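Just model.pdb here, PDB, C-alpha atoms and all ligand atoms:
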ATOM      1  CA  MET A 308      72.166 268.706 174.756
ATOM      2  CA  PRO A 309      70.576 269.383 171.371
ATOM      3  CA  HIS A 310      73.219 271.855 170.200
ATOM      4  CA  ARG A 311      76.084 269.476 170.781
ATOM      5  CA  SER A 312      74.383 266.660 168.895
ATOM      6  CA  THR A 313      73.687 269.019 165.972
ATOM      7  CA  VAL A 314      77.375 269.885 165.734
ATOM      8  CA  ALA A 315      78.289 266.218 165.854
ATOM      9  CA  MET A 316      75.811 265.479 163.093
ATOM     10  CA  GLU A 317      77.189 268.226 160.849
ATOM     11  CA  TRP A 318      80.685 266.885 161.381
ATOM     12  CA  ARG A 319      79.547 263.388 160.534
ATOM     13  CA  LEU A 320      77.916 264.606 157.343
ATOM     14  CA  LYS A 321      81.114 266.358 156.279
ATOM     15  CA  LYS A 322      83.180 263.330 157.051
ATOM     16  CA  GLY A 323      80.782 261.091 155.177
ATOM     17  CA  ARG A 324      80.227 263.413 152.249
ATOM     18  CA  TYR A 325      80.672 260.785 149.569
ATOM     19  CA  ALA A 326      79.097 257.859 151.330
ATOM     20  CA  MET A 327      76.129 257.268 153.525
ATOM     21  CA  LEU A 328      77.117 256.532 157.094
ATOM     22  CA  GLY A 329      75.841 253.419 158.739
ATOM     23  CA  SER A 330      77.434 251.119 161.268
ATOM     24  CA  GLU A 331      79.076 247.735 161.553
ATOM     25  CA  CYS A 332      79.051 245.381 164.522
ATOM     26  CA  LYS A 333      82.512 245.099 166.094
ATOM     27  CA  ALA A 334      81.867 241.458 166.972
ATOM     28  CA  CYS A 335      79.814 239.739 164.264
ATOM     29  CA  ARG A 336      80.278 242.339 161.462
ATOM     30  CA  GLU A 337      76.551 242.711 160.822
ATOM     31  CA  LEU A 338      75.918 245.924 158.842
ATOM     32  CA  TYR A 339      73.311 248.554 159.690
ATOM     33  CA  PHE A 340      71.856 251.426 157.760
ATOM     34  CA  PRO A 341      70.734 253.658 159.268
ATOM     35  CA  ALA A 342      73.382 253.251 161.965
ATOM     36  CA  ARG A 343      72.584 251.468 165.218
ATOM     37  CA  LEU A 344      74.629 251.843 168.407
ATOM     38  CA  LEU A 345      74.142 248.222 169.418
ATOM     39  CA  CYS A 346      74.007 245.164 167.209
ATOM     40  CA  ARG A 347      70.504 243.712 166.926
ATOM     41  CA  LYS A 348      71.915 240.192 166.745
ATOM     42  CA  CYS A 349      74.593 240.031 169.439
ATOM     43  CA  ARG A 350      74.133 243.317 171.374
ATOM     44  CA  SER A 351      77.784 244.277 170.847
ATOM     45  CA  GLU A 352      78.820 247.842 170.100
ATOM     46  CA  THR A 353      79.041 249.005 166.514
ATOM     47  CA  THR A 354      81.457 251.292 164.724
ATOM     48  CA  GLU A 355      80.799 253.805 161.934
ATOM     49  CA  ARG A 356      80.896 252.449 158.422
ATOM     50  CA  GLY A 357      80.415 254.173 155.077
ATOM     51  CA  PHE A 358      78.042 252.721 152.510
ATOM     52  CA  SER A 359      78.285 253.310 148.780
ATOM     53  CA  GLY A 360      74.575 254.059 148.594
ATOM     54  CA  LYS A 361      74.360 251.984 145.447
ATOM     55  CA  GLY A 362      71.724 249.298 145.267
ATOM     56  CA  LYS A 363      68.700 247.865 143.534
ATOM     57  CA  ILE A 364      64.977 248.564 143.825
ATOM     58  CA  VAL A 365      63.116 245.862 145.754
ATOM     59  CA  THR A 366      59.715 247.500 145.588
ATOM     60  CA  TYR A 367      58.414 251.012 144.989
ATOM     61  CA  THR A 368      55.400 253.264 145.108
ATOM     62  CA  THR A 369      54.419 256.719 143.969
ATOM     63  CA  ILE A 370      53.227 259.159 146.617
ATOM     64  CA  SER A 371      50.523 261.348 145.097
ATOM     65  CA  THR A 372      49.282 262.960 148.325
ATOM     66  CA  ALA A 373      52.292 264.475 150.052
ATOM     67  CA  PRO A 374      52.513 265.292 153.774
ATOM     68  CA  ALA A 375      51.884 268.911 154.797
ATOM     69  CA  GLY A 376      54.771 271.084 153.682
ATOM     70  CA  PHE A 377      55.792 268.808 150.830
ATOM     71  CA  GLU A 378      52.759 269.288 148.551
ATOM     72  CA  GLU A 379      54.825 270.966 145.849
ATOM     73  CA  TYR A 380      56.913 267.828 145.419
ATOM     74  CA  ALA A 381      54.032 265.409 144.780
ATOM     75  CA  PRO A 382      53.777 263.109 143.036
ATOM     76  CA  TYR A 383      57.116 261.565 143.942
ATOM     77  CA  GLY A 384      58.573 258.095 143.993
ATOM     78  CA  VAL A 385      59.634 256.165 147.078
ATOM     79  CA  ALA A 386      61.435 252.851 146.858
ATOM     80  CA  LEU A 387      62.758 250.143 149.101
ATOM     81  CA  ILE A 388      66.384 249.691 148.072
ATOM     82  CA  LYS A 389      68.634 246.734 148.790
ATOM     83  CA  LEU A 390      72.074 248.280 149.147
ATOM     84  CA  ASP A 391      75.047 246.513 147.548
ATOM     85  CA  GLU A 392      76.433 246.024 151.075
ATOM     86  CA  GLY A 393      73.285 244.195 152.217
ATOM     87  CA  PRO A 394      70.963 246.387 154.305
ATOM     88  CA  THR A 395      67.655 247.566 152.880
ATOM     89  CA  VAL A 396      66.713 251.235 153.082
ATOM     90  CA  ALA A 397      63.688 253.291 152.053
ATOM     91  CA  GLY A 398      64.410 256.393 150.029
ATOM     92  CA  GLN A 399      62.945 258.994 147.744
ATOM     93  CA  ILE A 400      63.662 258.534 144.042
ATOM     94  CA  VAL A 401      64.390 261.752 142.140
ATOM     95  CA  ASN A 402      63.382 260.297 138.776
ATOM     96  CA  GLY A 403      60.377 258.275 139.902
ATOM     97  CA  GLU A 404      59.115 257.720 136.366
ATOM     98  CA  GLU A 405      62.090 255.387 135.814
ATOM     99  CA  MET A 406      61.340 253.108 138.778
ATOM    100  CA  SER A 407      60.924 249.376 138.328
ATOM    101  CA  ILE A 408      61.856 246.346 140.390
ATOM    102  CA  GLY A 409      65.485 245.283 140.042
ATOM    103  CA  LYS A 410      66.726 248.562 138.552
ATOM    104  CA  SER A 411      69.963 250.022 139.912
ATOM    105  CA  VAL A 412      70.052 253.251 141.886
ATOM    106  CA  VAL A 413      72.832 255.574 143.012
ATOM    107  CA  PRO A 414      72.689 258.159 145.803
ATOM    108  CA  VAL A 415      72.287 261.847 145.039
ATOM    109  CA  PHE A 416      72.823 264.581 147.573
ATOM    110  CA  ARG A 417      70.314 267.392 147.601
ATOM    111  CA  ARG A 418      70.103 270.366 149.892
ATOM    112  CA  LEU A 419      66.983 269.887 152.024
ATOM    113  CA  ASN A 420      66.888 273.237 153.777
ATOM    114  CA  GLN A 421      69.042 275.948 155.272
ATOM    115  CA  ASP A 422      68.723 277.409 158.767
ATOM    116  CA  GLY A 423      68.421 281.184 158.289
ATOM    117  CA  GLU A 424      71.298 283.261 159.574
ATOM    118  CA  ALA A 425      73.153 280.358 161.124
ATOM    119  CA  GLY A 426      73.734 279.145 157.589
ATOM    120  CA  VAL A 427      73.626 275.517 158.548
ATOM    121  CA  ILE A 428      72.762 273.534 155.464
ATOM    122  CA  HIS A 429      71.163 270.143 155.843
ATOM    123  CA  TYR A 430      71.745 267.497 153.258
ATOM    124  CA  GLY A 431      69.775 264.364 152.753
ATOM    125  CA  THR A 432      70.289 261.364 150.593
ATOM    126  CA  LYS A 433      67.889 260.606 147.793
ATOM    127  CA  PHE A 434      68.353 258.097 145.023
ATOM    128  CA  GLU A 435      68.403 258.205 141.267
ATOM    129  CA  VAL A 436      67.558 255.322 138.935
ATOM    130  CA  VAL A 437      70.452 254.707 136.531
TER     131      VAL A 437
HETATM  132 ZN    ZN A 501      76.791 241.677 166.221
END
Starting from the file, lay out its structure as structure tokens.
Ligand SMILES: [Zn+2]
Amino acid sequence: MPHRSTVAMEWRLKKGRYAMLGSECKACRELYFPARLLCRKCRSETTERGFSGKGKIVTYTTISTAPAGFEEYAPYGVALIKLDEGPTVAGQIVNGEEMSIGKSVVPVFRRLNQDGEAGVIHYGTKFEVV
């Protein structure tokens, strides 16, 4: 049921407004971002866990040819970020000219798009070099 999952997602985003939501294994405490339902190590169930979104750049690249629909944003930076909590995540960097390995990043929340009359606003996490 697509509609129901959309509502659940919006609720999750509200609940997790100041942190990125990942998951944590109930058994071995392994952390996942993005969230996984089952632990990759021990197959136990996981529970929701907020992440600070803060981390350091492991590697990075600049995308100069953007996918269709995103041409106006190119060139833009993309980095692999090791979060303070442990997991590594790929994310867009809003100030790509500042990227270098080992630099610290913090999450920024930008409106990605808005669904017409329904007024549902989708937010996505990007990162900023600090
Ligand atoms: Zn586990």
Taking the file as shown, find all residues satisfying the PyMOL selection byres (((not hetatm)) within 10 of (chain A and resi 501)) and write them as an mmCIF file with C-alpha atoms, keeping the file's coordinate frame.
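Contents of out-v9.cif, freshly written:
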data_model
loop_
_atom_site.group_PDB
_atom_site.id
_atom_site.type_symbol
_atom_site.label_atom_id
_atom_site.label_comp_id
_atom_site.auth_asym_id
_atom_site.auth_seq_id
_atom_site.Cartn_x
_atom_site.Cartn_y
_atom_site.Cartn_z
ATOM 1 C CA GLU A 331 79.076 247.735 161.553
ATOM 2 C CA CYS A 332 79.051 245.381 164.522
ATOM 3 C CA LYS A 333 82.512 245.099 166.094
ATOM 4 C CA ALA A 334 81.867 241.458 166.972
ATOM 5 C CA CYS A 335 79.814 239.739 164.264
ATOM 6 C CA ARG A 336 80.278 242.339 161.462
ATOM 7 C CA GLU A 337 76.551 242.711 160.822
ATOM 8 C CA LEU A 338 75.918 245.924 158.842
ATOM 9 C CA LEU A 345 74.142 248.222 169.418
ATOM 10 C CA CYS A 346 74.007 245.164 167.209
ATOM 11 C CA ARG A 347 70.504 243.712 166.926
ATOM 12 C CA LYS A 348 71.915 240.192 166.745
ATOM 13 C CA CYS A 349 74.593 240.031 169.439
ATOM 14 C CA ARG A 350 74.133 243.317 171.374
ATOM 15 C CA SER A 351 77.784 244.277 170.847
ATOM 16 C CA GLU A 352 78.820 247.842 170.100
ATOM 17 C CA THR A 353 79.041 249.005 166.514
#
| request: Find, counting all atoms listed in the file, the residue in A:Asn402, A:Thr372, A:Ser407, A:Thr366 that gets nearest to A:Ile388. | output: A:Thr366
| From the list A:Thr369, A:Lys361, A:Lys433, A:Leu387, which residue is nearest A:Val413 when using all atoms listed in the file? |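 Nearest to A:Val413: A:Lys361.
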| task | Tell me which protein, DNA and RNA residues are within 10 Å of stretch 399-401 of chain A, counting only C-alpha atoms, leaving out same-chain ones fewer than 4 positions away, and put them as a list in words. | result | Tyr367, Thr368, Thr369, Ile370, Tyr383, Gly384, Val385, Ala386, Leu387, Ile388, Glu405, Met406, Val412, Val413, Pro414, Val415, Arg417, Thr432, Lys433, Phe434, Glu435 and Val436 of chain A
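For the residues A:Gly393, A:Gly409, A:Gly403, A:Gly398, ranking by smallest atom-to-atom distance to A:Phe358 using all atoms listed in the file places A:Gly393 first.
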| field | Atomic separation - atom CA of A:Phe340 relative to atom CA of A:Gly357, Å | value | 9.4 Å
| field | One-decimal distance in Å that lies between atom CA of A:Lys410 and atom CA of A:Tyr339 | value | 22.1 Å
Hits from the PyMOL selection byres (((chain A and resi 362) around 6) and not hetatm), listed as a JSON list (two decimals) with C-alpha atoms, in the coordinates of the input:
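Once written, result.json looks like this:
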[["chain", "number", "residue", "atom", "x", "y", "z"],
["A", 361, "LYS", "CA", 74.36, 251.98, 145.45],
["A", 363, "LYS", "CA", 68.70, 247.86, 143.53],
["A", 389, "LYS", "CA", 68.63, 246.73, 148.79],
["A", 390, "LEU", "CA", 72.07, 248.28, 149.15],
["A", 391, "ASP", "CA", 75.05, 246.51, 147.55],
["A", 411, "SER", "CA", 69.96, 250.02, 139.91],
["A", 412, "VAL", "CA", 70.05, 253.25, 141.89]]
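Straight-line separation from atom CA of A:Val365 to atom CA of A:Val396: 9.8 Å.
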| request: Name the closest residue to A:Ile408 among the candidates A:Pro394, A:Pro382, A:Ala342, A:Ile364; distances are taken between atoms, counting all atoms listed in the file. | output: A:Ile364
Filtering to C-alpha atoms, could stretch 312-401 of chain A of the supplied structure be written out as a JSON list (two decimals), in the first residue's frame?
[["chain", "number", "residue", "atom", "x", "y", "z"],
["A", 312, "SER", "CA", 4.04, 3.85, 3.51],
["A", 313, "THR", "CA", 4.21, 7.50, 2.37],
["A", 314, "VAL", "CA", 2.37, 8.61, 5.50],
["A", 315, "ALA", "CA", 4.68, 6.52, 7.65],
["A", 316, "MET", "CA", 7.69, 8.06, 5.97],
["A", 317, "GLU", "CA", 6.44, 11.61, 6.53],
["A", 318, "TRP", "CA", 5.86, 10.81, 10.18],
["A", 319, "ARG", "CA", 9.33, 9.38, 10.49],
["A", 320, "LEU", "CA", 10.84, 12.48, 8.93],
["A", 321, "LYS", "CA", 8.99, 14.71, 11.39],
["A", 322, "LYS", "CA", 10.04, 12.59, 14.30],
["A", 323, "GLY", "CA", 13.63, 12.57, 13.11],
["A", 324, "ARG", "CA", 13.78, 16.21, 12.13],
["A", 325, "TYR", "CA", 17.08, 16.94, 13.81],
["A", 326, "ALA", "CA", 18.81, 13.66, 13.19],
["A", 327, "MET", "CA", 19.08, 11.20, 10.39],
["A", 328, "LEU", "CA", 17.23, 7.99, 11.13],
["A", 329, "GLY", "CA", 19.06, 4.73, 10.87],
["A", 330, "SER", "CA", 18.74, 1.54, 12.86],
["A", 331, "GLU", "CA", 20.48, -0.43, 15.56],
["A", 332, "CYS", "CA", 20.54, -4.19, 16.02],
["A", 333, "LYS", "CA", 18.60, -5.24, 19.13],
["A", 334, "ALA", "CA", 21.02, -8.10, 19.74],
["A", 335, "CYS", "CA", 24.58, -7.11, 18.79],
["A", 336, "ARG", "CA", 24.08, -3.30, 18.63],
["A", 337, "GLU", "CA", 25.52, -2.99, 15.13],
["A", 338, "LEU", "CA", 24.51, 0.38, 13.63],
["A", 339, "TYR", "CA", 23.03, 0.89, 10.16],
["A", 340, "PHE", "CA", 22.53, 3.94, 8.02],
["A", 341, "PRO", "CA", 20.43, 3.85, 6.00],
["A", 342, "ALA", "CA", 18.24, 1.73, 8.26],
["A", 343, "ARG", "CA", 18.00, -2.02, 7.76],
["A", 344, "LEU", "CA", 15.17, -4.17, 9.13],
["A", 345, "LEU", "CA", 17.44, -7.11, 9.86],
["A", 346, "CYS", "CA", 21.00, -7.08, 11.11],
["A", 347, "ARG", "CA", 23.51, -8.07, 8.42],
["A", 348, "LYS", "CA", 25.70, -9.77, 11.02],
["A", 349, "CYS", "CA", 23.31, -11.75, 13.22],
["A", 350, "ARG", "CA", 19.95, -11.50, 11.38],
["A", 351, "SER", "CA", 18.22, -10.11, 14.47],
["A", 352, "GLU", "CA", 15.64, -7.35, 14.24],
["A", 353, "THR", "CA", 16.74, -3.75, 14.46],
["A", 354, "THR", "CA", 15.19, -0.71, 16.09],
["A", 355, "GLU", "CA", 15.16, 2.92, 14.92],
["A", 356, "ARG", "CA", 18.12, 5.01, 15.93],
["A", 357, "GLY", "CA", 18.92, 8.66, 15.28],
["A", 358, "PHE", "CA", 22.32, 9.65, 13.92],
["A", 359, "SER", "CA", 23.91, 13.05, 14.39],
["A", 360, "GLY", "CA", 24.81, 13.20, 10.71],
["A", 361, "LYS", "CA", 28.21, 14.56, 11.65],
["A", 362, "GLY", "CA", 31.25, 12.87, 10.20],
["A", 363, "LYS", "CA", 34.39, 13.12, 8.13],
["A", 364, "ILE", "CA", 35.06, 12.86, 4.40],
["A", 365, "VAL", "CA", 36.64, 9.53, 3.42],
["A", 366, "THR", "CA", 36.76, 10.21, -0.30],
["A", 367, "TYR", "CA", 34.98, 12.56, -2.69],
["A", 368, "THR", "CA", 34.34, 13.40, -6.30],
["A", 369, "THR", "CA", 32.79, 16.19, -8.32],
["A", 370, "ILE", "CA", 29.92, 15.29, -10.62],
["A", 371, "SER", "CA", 30.15, 17.46, -13.72],
["A", 372, "THR", "CA", 27.57, 15.62, -15.85],
["A", 373, "ALA", "CA", 24.38, 15.42, -13.82],
["A", 374, "PRO", "CA", 21.58, 12.88, -14.37],
["A", 375, "ALA", "CA", 18.56, 14.04, -16.38],
["A", 376, "GLY", "CA", 16.54, 16.52, -14.36],
["A", 377, "PHE", "CA", 19.47, 17.66, -12.24],
["A", 378, "GLU", "CA", 21.51, 19.44, -14.94],
["A", 379, "GLU", "CA", 21.06, 22.83, -13.30],
["A", 380, "TYR", "CA", 22.86, 21.63, -10.19],
["A", 381, "ALA", "CA", 26.06, 20.44, -11.90],
["A", 382, "PRO", "CA", 28.84, 20.52, -11.10],
["A", 383, "TYR", "CA", 28.25, 19.28, -7.56],
["A", 384, "GLY", "CA", 30.26, 17.42, -4.97],
["A", 385, "VAL", "CA", 29.54, 13.94, -3.68],
["A", 386, "ALA", "CA", 31.46, 12.43, -0.79],
["A", 387, "LEU", "CA", 31.70, 9.21, 1.13],
["A", 388, "ILE", "CA", 31.31, 10.20, 4.78],
["A", 389, "LYS", "CA", 32.27, 8.19, 7.83],
["A", 390, "LEU", "CA", 29.67, 9.17, 10.41],
["A", 391, "ASP", "CA", 30.81, 9.81, 14.00],
["A", 392, "GLU", "CA", 28.66, 6.82, 15.02],
["A", 393, "GLY", "CA", 30.50, 4.48, 12.63],
["A", 394, "PRO", "CA", 28.54, 3.77, 9.43],
["A", 395, "THR", "CA", 29.68, 5.23, 6.13],
["A", 396, "VAL", "CA", 27.20, 7.05, 3.91],
["A", 397, "ALA", "CA", 27.36, 8.71, 0.50],
["A", 398, "GLY", "CA", 25.96, 12.21, 0.30],
["A", 399, "GLN", "CA", 25.87, 15.38, -1.71],
["A", 400, "ILE", "CA", 28.06, 18.22, -0.43],
["A", 401, "VAL", "CA", 26.50, 21.68, -0.68]]
